[in-house]
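Here's query_14.txt, which has compact mmCIF, N, CA and C atoms:
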# COMPACT_ATOMS: atom_id res chain seq x y z
N GLN A 1 113.11 128.33 95.06
CA GLN A 1 113.73 127.25 95.82
C GLN A 1 113.13 125.91 95.42
N VAL A 2 113.96 124.90 95.53
CA VAL A 2 113.53 123.53 95.25
C VAL A 2 113.87 122.69 96.46
N GLN A 3 112.94 121.88 96.90
CA GLN A 3 113.19 120.96 98.01
C GLN A 3 113.24 119.54 97.48
N LEU A 4 114.20 118.78 97.97
CA LEU A 4 114.40 117.40 97.54
C LEU A 4 114.37 116.49 98.76
N VAL A 5 113.61 115.42 98.65
CA VAL A 5 113.51 114.46 99.75
C VAL A 5 113.75 113.06 99.21
N GLU A 6 114.81 112.41 99.71
CA GLU A 6 115.13 111.05 99.29
C GLU A 6 114.46 110.04 100.22
N SER A 7 114.20 108.88 99.68
CA SER A 7 113.67 107.77 100.47
C SER A 7 114.05 106.46 99.80
N GLY A 8 113.87 105.37 100.53
CA GLY A 8 114.10 104.05 99.95
C GLY A 8 115.38 103.37 100.37
N GLY A 9 116.21 104.05 101.14
CA GLY A 9 117.43 103.41 101.59
C GLY A 9 117.17 102.32 102.61
N GLY A 10 118.20 101.57 102.93
CA GLY A 10 118.05 100.50 103.91
C GLY A 10 119.22 99.55 103.89
N LEU A 11 119.03 98.41 104.54
CA LEU A 11 120.04 97.36 104.63
C LEU A 11 119.66 96.23 103.69
N VAL A 12 120.61 95.80 102.88
CA VAL A 12 120.35 94.73 101.94
C VAL A 12 121.60 93.86 101.82
N GLN A 13 121.41 92.59 101.51
CA GLN A 13 122.55 91.70 101.32
C GLN A 13 123.17 91.91 99.94
N ALA A 14 124.42 91.57 99.84
CA ALA A 14 125.10 91.66 98.55
C ALA A 14 124.34 90.84 97.50
N GLY A 15 124.22 91.43 96.32
CA GLY A 15 123.45 90.80 95.25
C GLY A 15 122.00 91.23 95.21
N GLY A 16 121.55 91.91 96.24
CA GLY A 16 120.17 92.35 96.32
C GLY A 16 119.92 93.65 95.59
N SER A 17 118.70 94.16 95.74
CA SER A 17 118.27 95.36 95.03
C SER A 17 117.59 96.34 95.98
N LEU A 18 117.67 97.59 95.62
CA LEU A 18 116.93 98.65 96.30
C LEU A 18 116.53 99.68 95.26
N ARG A 19 115.43 100.39 95.52
CA ARG A 19 115.05 101.50 94.67
C ARG A 19 114.93 102.76 95.51
N LEU A 20 115.72 103.75 95.18
CA LEU A 20 115.68 105.03 95.86
C LEU A 20 114.75 105.97 95.09
N SER A 21 114.09 106.84 95.84
CA SER A 21 113.23 107.86 95.24
C SER A 21 113.69 109.23 95.71
N CYS A 22 113.48 110.22 94.86
CA CYS A 22 113.78 111.60 95.21
C CYS A 22 112.61 112.45 94.74
N ALA A 23 111.85 112.95 95.70
CA ALA A 23 110.68 113.77 95.38
C ALA A 23 111.06 115.25 95.43
N ALA A 24 110.73 115.95 94.37
CA ALA A 24 111.06 117.37 94.28
C ALA A 24 109.80 118.21 94.45
N SER A 25 109.95 119.35 95.11
CA SER A 25 108.83 120.28 95.29
C SER A 25 109.36 121.71 95.21
N GLY A 26 108.43 122.65 95.09
CA GLY A 26 108.84 124.04 94.95
C GLY A 26 108.93 124.43 93.49
N ARG A 27 109.92 125.20 93.12
CA ARG A 27 110.08 125.71 91.76
C ARG A 27 110.70 124.65 90.85
N THR A 28 110.01 123.55 90.74
CA THR A 28 110.55 122.41 89.99
C THR A 28 110.70 122.72 88.51
N PHE A 29 109.94 123.67 87.99
CA PHE A 29 110.03 124.00 86.57
C PHE A 29 111.38 124.59 86.21
N SER A 30 112.14 125.03 87.21
CA SER A 30 113.45 125.64 86.96
C SER A 30 114.56 124.60 86.81
N MET A 31 114.24 123.34 87.09
CA MET A 31 115.27 122.32 87.06
C MET A 31 115.50 121.79 85.66
N TYR A 32 116.76 121.58 85.29
CA TYR A 32 117.09 121.00 84.00
C TYR A 32 117.42 119.53 84.11
N ALA A 33 118.08 119.16 85.20
CA ALA A 33 118.51 117.76 85.35
C ALA A 33 118.58 117.40 86.83
N MET A 34 118.56 116.11 87.06
CA MET A 34 118.70 115.57 88.42
C MET A 34 119.85 114.58 88.44
N GLY A 35 120.51 114.54 89.59
CA GLY A 35 121.61 113.60 89.72
C GLY A 35 121.56 112.85 91.03
N TRP A 36 122.22 111.72 91.05
CA TRP A 36 122.43 110.96 92.30
C TRP A 36 123.92 110.91 92.58
N PHE A 37 124.27 111.16 93.82
CA PHE A 37 125.64 111.07 94.31
C PHE A 37 125.64 110.18 95.54
N ARG A 38 126.82 109.73 95.95
CA ARG A 38 126.93 108.96 97.17
C ARG A 38 128.22 109.32 97.89
N GLN A 39 128.16 109.14 99.20
CA GLN A 39 129.32 109.47 100.02
C GLN A 39 129.49 108.42 101.11
N ALA A 40 130.61 107.73 101.05
CA ALA A 40 130.96 106.75 102.08
C ALA A 40 131.74 107.45 103.19
N PRO A 41 131.76 106.87 104.39
CA PRO A 41 132.47 107.51 105.51
C PRO A 41 133.92 107.79 105.17
N GLY A 42 134.35 109.02 105.41
CA GLY A 42 135.73 109.38 105.19
C GLY A 42 136.11 109.60 103.74
N LYS A 43 135.13 109.56 102.84
CA LYS A 43 135.42 109.72 101.42
C LYS A 43 134.67 110.92 100.85
N GLU A 44 135.07 111.31 99.66
CA GLU A 44 134.40 112.41 98.99
C GLU A 44 133.06 111.96 98.41
N ARG A 45 132.24 112.95 98.10
CA ARG A 45 130.95 112.66 97.49
C ARG A 45 131.18 112.34 96.01
N ASP A 46 130.75 111.14 95.59
CA ASP A 46 131.00 110.67 94.24
C ASP A 46 129.72 110.66 93.40
N PHE A 47 129.90 110.93 92.14
CA PHE A 47 128.80 110.91 91.18
C PHE A 47 128.34 109.48 90.92
N VAL A 48 127.03 109.31 90.77
CA VAL A 48 126.47 107.99 90.48
C VAL A 48 125.76 108.00 89.12
N ALA A 49 124.79 108.92 88.97
CA ALA A 49 124.01 108.95 87.72
C ALA A 49 123.33 110.31 87.58
N ARG A 50 122.93 110.61 86.33
CA ARG A 50 122.26 111.88 86.03
C ARG A 50 121.22 111.67 84.95
N ILE A 51 120.12 112.42 85.05
CA ILE A 51 119.07 112.37 84.03
C ILE A 51 118.52 113.77 83.80
N THR A 52 118.19 114.09 82.56
CA THR A 52 117.56 115.37 82.27
C THR A 52 116.05 115.23 82.38
N TRP A 53 115.37 116.35 82.66
CA TRP A 53 113.93 116.31 82.81
C TRP A 53 113.21 116.31 81.47
N SER A 54 113.78 116.95 80.48
CA SER A 54 113.06 117.15 79.23
C SER A 54 113.36 116.05 78.23
N GLY A 55 112.57 116.04 77.17
CA GLY A 55 112.78 115.09 76.09
C GLY A 55 112.72 113.66 76.56
N GLY A 56 113.60 112.86 76.02
CA GLY A 56 113.61 111.45 76.37
C GLY A 56 114.31 111.13 77.67
N GLY A 57 114.86 112.14 78.32
CA GLY A 57 115.56 111.90 79.57
C GLY A 57 116.95 111.35 79.31
N ASN A 58 117.84 112.25 78.95
CA ASN A 58 119.22 111.83 78.68
C ASN A 58 119.87 111.38 79.98
N THR A 59 120.51 110.22 79.94
CA THR A 59 121.12 109.66 81.16
C THR A 59 122.63 109.51 81.01
N TYR A 60 123.28 109.47 82.17
CA TYR A 60 124.73 109.30 82.21
C TYR A 60 125.06 108.63 83.53
N TYR A 61 126.01 107.66 83.50
CA TYR A 61 126.33 106.87 84.68
C TYR A 61 127.82 106.86 84.95
N ALA A 62 128.13 106.71 86.22
CA ALA A 62 129.51 106.44 86.59
C ALA A 62 129.85 105.02 86.15
N ASP A 63 131.10 104.80 85.79
CA ASP A 63 131.50 103.47 85.33
C ASP A 63 131.26 102.40 86.39
N SER A 64 131.38 102.79 87.64
CA SER A 64 131.26 101.82 88.74
C SER A 64 129.85 101.25 88.89
N VAL A 65 128.85 101.92 88.32
CA VAL A 65 127.47 101.45 88.48
C VAL A 65 126.81 101.11 87.15
N LYS A 66 127.50 101.37 86.06
CA LYS A 66 126.93 101.12 84.74
C LYS A 66 126.55 99.65 84.58
N GLY A 67 125.33 99.40 84.12
CA GLY A 67 124.86 98.04 83.95
C GLY A 67 124.19 97.48 85.19
N ARG A 68 124.35 98.13 86.34
CA ARG A 68 123.70 97.66 87.59
C ARG A 68 122.63 98.64 88.08
N PHE A 69 122.88 99.92 87.89
CA PHE A 69 121.95 100.95 88.37
C PHE A 69 121.23 101.58 87.18
N THR A 70 119.98 101.99 87.41
CA THR A 70 119.20 102.68 86.38
C THR A 70 118.52 103.90 86.99
N ILE A 71 118.74 105.04 86.38
CA ILE A 71 118.08 106.26 86.82
C ILE A 71 116.89 106.51 85.89
N SER A 72 115.78 106.94 86.49
CA SER A 72 114.58 107.24 85.71
C SER A 72 113.83 108.38 86.38
N ARG A 73 112.83 108.91 85.65
CA ARG A 73 112.06 109.99 86.27
C ARG A 73 110.60 109.91 85.89
N ASP A 74 109.77 110.45 86.75
CA ASP A 74 108.33 110.56 86.51
C ASP A 74 108.01 112.05 86.57
N ASN A 75 107.87 112.66 85.40
CA ASN A 75 107.67 114.11 85.36
C ASN A 75 106.38 114.52 86.07
N ALA A 76 105.35 113.72 85.94
CA ALA A 76 104.07 114.06 86.55
C ALA A 76 104.16 114.11 88.07
N LYS A 77 105.04 113.28 88.62
CA LYS A 77 105.19 113.22 90.08
C LYS A 77 106.39 114.01 90.56
N ASN A 78 107.12 114.62 89.65
CA ASN A 78 108.35 115.35 90.01
C ASN A 78 109.27 114.47 90.86
N THR A 79 109.43 113.25 90.44
CA THR A 79 110.21 112.28 91.21
C THR A 79 111.22 111.60 90.31
N VAL A 80 112.41 111.42 90.86
CA VAL A 80 113.48 110.69 90.18
C VAL A 80 113.78 109.44 90.99
N TYR A 81 114.08 108.36 90.28
CA TYR A 81 114.34 107.08 90.92
C TYR A 81 115.75 106.59 90.59
N LEU A 82 116.27 105.77 91.48
CA LEU A 82 117.52 105.07 91.22
C LEU A 82 117.31 103.62 91.58
N GLN A 83 117.17 102.79 90.55
CA GLN A 83 117.04 101.36 90.75
C GLN A 83 118.43 100.76 90.83
N MET A 84 118.71 100.10 91.94
CA MET A 84 120.04 99.56 92.18
C MET A 84 119.96 98.05 92.28
N ASN A 85 120.58 97.37 91.35
CA ASN A 85 120.60 95.90 91.32
C ASN A 85 122.01 95.39 91.51
N SER A 86 122.11 94.13 91.83
CA SER A 86 123.42 93.49 92.02
C SER A 86 124.30 94.32 92.95
N LEU A 87 123.74 94.69 94.07
CA LEU A 87 124.46 95.56 95.00
C LEU A 87 125.67 94.86 95.59
N LYS A 88 126.70 95.66 95.84
CA LYS A 88 127.96 95.18 96.40
C LYS A 88 128.23 95.93 97.71
N PRO A 89 129.04 95.34 98.59
CA PRO A 89 129.37 96.05 99.83
C PRO A 89 129.97 97.43 99.57
N GLU A 90 130.70 97.58 98.49
CA GLU A 90 131.31 98.89 98.19
C GLU A 90 130.30 99.92 97.74
N ASP A 91 129.05 99.53 97.55
CA ASP A 91 127.99 100.50 97.26
C ASP A 91 127.45 101.16 98.53
N THR A 92 127.91 100.69 99.68
CA THR A 92 127.46 101.25 100.95
C THR A 92 127.85 102.72 101.05
N ALA A 93 126.87 103.57 101.30
CA ALA A 93 127.10 105.01 101.37
C ALA A 93 125.79 105.72 101.71
N VAL A 94 125.91 107.00 101.97
CA VAL A 94 124.72 107.85 102.00
C VAL A 94 124.51 108.35 100.58
N TYR A 95 123.30 108.16 100.09
CA TYR A 95 122.97 108.56 98.72
C TYR A 95 122.19 109.87 98.74
N TYR A 96 122.64 110.80 97.90
CA TYR A 96 122.02 112.12 97.82
C TYR A 96 121.49 112.36 96.41
N CYS A 97 120.33 112.98 96.33
CA CYS A 97 119.90 113.46 95.02
C CYS A 97 120.15 114.96 94.96
N ALA A 98 120.29 115.45 93.74
CA ALA A 98 120.61 116.85 93.52
C ALA A 98 119.92 117.34 92.26
N ALA A 99 119.64 118.63 92.23
CA ALA A 99 118.97 119.23 91.08
C ALA A 99 119.84 120.34 90.50
N ALA A 100 119.88 120.39 89.17
CA ALA A 100 120.67 121.40 88.47
C ALA A 100 119.76 122.24 87.58
N LYS A 101 120.00 123.54 87.57
CA LYS A 101 119.20 124.45 86.75
C LYS A 101 119.82 124.69 85.38
N ASP A 102 121.14 124.60 85.30
CA ASP A 102 121.85 124.96 84.09
C ASP A 102 122.08 123.73 83.21
N SER A 103 121.78 123.86 81.92
CA SER A 103 121.96 122.74 81.00
C SER A 103 123.43 122.34 80.84
N THR A 104 124.36 123.20 81.27
CA THR A 104 125.79 122.87 81.21
C THR A 104 126.12 121.65 82.04
N VAL A 105 125.24 121.30 82.97
CA VAL A 105 125.47 120.13 83.81
C VAL A 105 125.62 118.86 82.98
N VAL A 106 125.06 118.85 81.80
CA VAL A 106 125.18 117.67 80.94
C VAL A 106 126.64 117.38 80.62
N ALA A 107 127.43 118.43 80.47
CA ALA A 107 128.85 118.27 80.16
C ALA A 107 129.69 118.04 81.40
N TYR A 108 129.14 118.38 82.57
CA TYR A 108 129.90 118.28 83.82
C TYR A 108 129.09 117.55 84.87
N SER A 109 128.50 116.44 84.49
CA SER A 109 127.55 115.74 85.36
C SER A 109 128.15 115.32 86.68
N ALA A 110 129.42 114.99 86.70
CA ALA A 110 130.05 114.46 87.91
C ALA A 110 130.54 115.55 88.86
N ASP A 111 130.40 116.80 88.47
CA ASP A 111 130.91 117.92 89.26
C ASP A 111 129.79 118.45 90.16
N THR A 112 129.99 118.33 91.47
CA THR A 112 128.95 118.76 92.42
C THR A 112 128.65 120.25 92.30
N ASN A 113 129.60 121.02 91.79
CA ASN A 113 129.41 122.48 91.72
C ASN A 113 128.31 122.87 90.75
N TRP A 114 127.91 121.96 89.85
CA TRP A 114 126.90 122.30 88.86
C TRP A 114 125.49 122.01 89.35
N TYR A 115 125.38 121.53 90.57
CA TYR A 115 124.07 121.22 91.14
C TYR A 115 123.69 122.28 92.17
N ASP A 116 122.45 122.73 92.10
CA ASP A 116 122.03 123.87 92.90
C ASP A 116 121.30 123.49 94.19
N TYR A 117 120.67 122.34 94.18
CA TYR A 117 119.90 121.92 95.35
C TYR A 117 120.23 120.47 95.68
N TRP A 118 120.18 120.17 96.98
CA TRP A 118 120.55 118.85 97.46
C TRP A 118 119.52 118.36 98.48
N GLY A 119 119.32 117.05 98.47
CA GLY A 119 118.49 116.44 99.50
C GLY A 119 119.31 116.15 100.74
N GLN A 120 118.66 115.56 101.74
CA GLN A 120 119.33 115.30 103.01
C GLN A 120 120.06 113.96 103.02
N GLY A 121 119.80 113.14 102.04
CA GLY A 121 120.50 111.86 101.93
C GLY A 121 119.73 110.70 102.54
N THR A 122 120.00 109.51 102.03
CA THR A 122 119.41 108.29 102.57
C THR A 122 120.50 107.21 102.61
N GLN A 123 120.56 106.49 103.72
CA GLN A 123 121.63 105.52 103.94
C GLN A 123 121.32 104.21 103.20
N VAL A 124 122.32 103.73 102.49
CA VAL A 124 122.26 102.40 101.87
C VAL A 124 123.42 101.59 102.43
N THR A 125 123.10 100.44 103.00
CA THR A 125 124.11 99.56 103.56
C THR A 125 123.97 98.19 102.92
N VAL A 126 125.06 97.70 102.34
CA VAL A 126 125.08 96.40 101.68
C VAL A 126 125.99 95.49 102.48
N SER A 127 125.42 94.42 103.00
CA SER A 127 126.20 93.49 103.81
C SER A 127 126.75 92.36 102.94
N SER A 128 127.90 91.87 103.32
CA SER A 128 128.55 90.79 102.53
C SER A 128 128.13 89.42 103.00
Render the structure in this file as structure tokens.
Amino acid sequence: QVQLVESGGGLVQAGGSLRLSCAASGRTFSMYAMGWFRQAPGKERDFVARITWSGGGNTYYADSVKGRFTISRDNAKNTVYLQMNSLKPEDTAVYYCAAAKDSTVVAYSADTNWYDYWGQGTQVTVSS
């Protein structure tokens, strides 16, 4: 089992920045990649970004956040980060981190079915 705990959410004005963290514990050696998703009220859970644990950390972003958000990881701390800059009101959502065991997730990063473990989520609210 892998446990994921997100932190760093909050209220920020449009144009501001936040950094989310996702700390992993348990059988972390079984994880191949980590992802960030978000879910606004009444909407589906959408993909935000993904990073692999090994090598240079292959990354992939949703078009809606490309150039504004950066995903990174600290292998020693088993922690993944999401740096969010130039925030917009439409970024308001609950943000979830997720862990995937199968390397196939690289080809299907935006599909929630390829992720095996999920955190409880952290609220991000961007005011206009």
Open item on the list: Report as an NGL selection string all protein, DNA and RNA residues lying within 6.5 Å of Tyr81 in chain A, evaluated on only N, CA and C atoms, omitting residues in the same chain fewer than 3 positions from it.
Closed with: :A and (19-22 or 70-74)
- [ ] Measure the distance from atom C of Lys88 in chain A to CA of Phe37 in chain A in Å and round it to one decimal.
- [x]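 The value is 15.7 Å.
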TODO: Enumerate, as a ChimeraX atom specification, the complete set of residues in chain A that a backbone-based DSSP assignment places in strand (DSSP E).
DONE: /A:2-7,10-13,18-26,33-39,45-52,59-61,69-74,79-84,93-100,117-118,122-127
TODO: Find, counting only N, CA and C atoms, the residue in A:Ala99, A:Val124, A:Asn75, A:Ala40 that gets nearest to Val12 in chain A.
DONE: A:Val124
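Summary of the local environment: counting only C-alpha atoms, residues at most 12 Å from Gly26 in chain A, other than itself and those fewer than 2 positions away along its chain, are Gln1, Val2, Gln3, Leu4, Val5, Ala23, Ala24, Thr28, Phe29, Ser30, Met31, Asn78, Ala99 and Tyr117 of chain A.
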TODO: Determine the nearest neighbour of Asp46 in chain A from the options A:Trp114, A:Phe69, A:Tyr95, A:Tyr60, counting only C-alpha atoms.
DONE: A:Tyr95
- [ ] Have a look at A:Val65, A:Gln123, A:Ala33, A:Gly8 and name the one nearest to Arg50 in chain A; count only N, CA and C atoms.
- [x] A:Ala33
- [ ] Can you work out the spacing between CA of Gly16 in chain A and CA of Asp111 in chain A in Å, to one decimal?
- [x]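 Computed distance, CA of Gly16 in chain A to CA of Asp111 in chain A, equals 28.6 Å.
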Neighbours of point (118.0, 113.7, 83.8) within 6.5 Å, using all atoms listed in the file, written as a short mmCIF file (atom, residue, chain, number, x, y, z; two decimals) with N, CA and C atoms, in the coordinates of the input:
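Result file follows (part_27.cif):
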data_model
loop_
_atom_site.label_atom_id
_atom_site.label_comp_id
_atom_site.auth_asym_id
_atom_site.auth_seq_id
_atom_site.Cartn_x
_atom_site.Cartn_y
_atom_site.Cartn_z
N TYR A 32 116.76 121.58 85.29
CA TYR A 32 117.09 121.00 84.00
C TYR A 32 117.42 119.53 84.11
N ALA A 33 118.08 119.16 85.20
CA ALA A 33 118.51 117.76 85.35
C ALA A 33 118.58 117.40 86.83
N MET A 34 118.56 116.11 87.06
CA MET A 34 118.70 115.57 88.42
C MET A 34 119.85 114.58 88.44
N GLY A 35 120.51 114.54 89.59
CA GLY A 35 121.61 113.60 89.72
C GLY A 35 121.56 112.85 91.03
N ARG A 50 122.93 110.61 86.33
CA ARG A 50 122.26 111.88 86.03
C ARG A 50 121.22 111.67 84.95
N ILE A 51 120.12 112.42 85.05
CA ILE A 51 119.07 112.37 84.03
C ILE A 51 118.52 113.77 83.80
N THR A 52 118.19 114.09 82.56
CA THR A 52 117.56 115.37 82.27
C THR A 52 116.05 115.23 82.38
N TRP A 53 115.37 116.35 82.66
CA TRP A 53 113.93 116.31 82.81
C TRP A 53 113.21 116.31 81.47
N SER A 54 113.78 116.95 80.48
CA SER A 54 113.06 117.15 79.23
C SER A 54 113.36 116.05 78.23
N GLY A 57 114.86 112.14 78.32
CA GLY A 57 115.56 111.90 79.57
C GLY A 57 116.95 111.35 79.31
N ASN A 58 117.84 112.25 78.95
CA ASN A 58 119.22 111.83 78.68
C ASN A 58 119.87 111.38 79.98
N THR A 59 120.51 110.22 79.94
CA THR A 59 121.12 109.66 81.16
C THR A 59 122.63 109.51 81.01
#
Open item on the list: Which residues are close to Arg38 in chain A, i.e. within 7 Å by all atoms listed in the file, leaving aside same-chain residues fewer than 6 positions away? Reply as a PyMOL selection string.
Closed with: chain A and resi 44-48+93-96
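Take CA of Ser64 in chain A and atom C of Lys101 in chain A: the distance between them is 25.8 Å.
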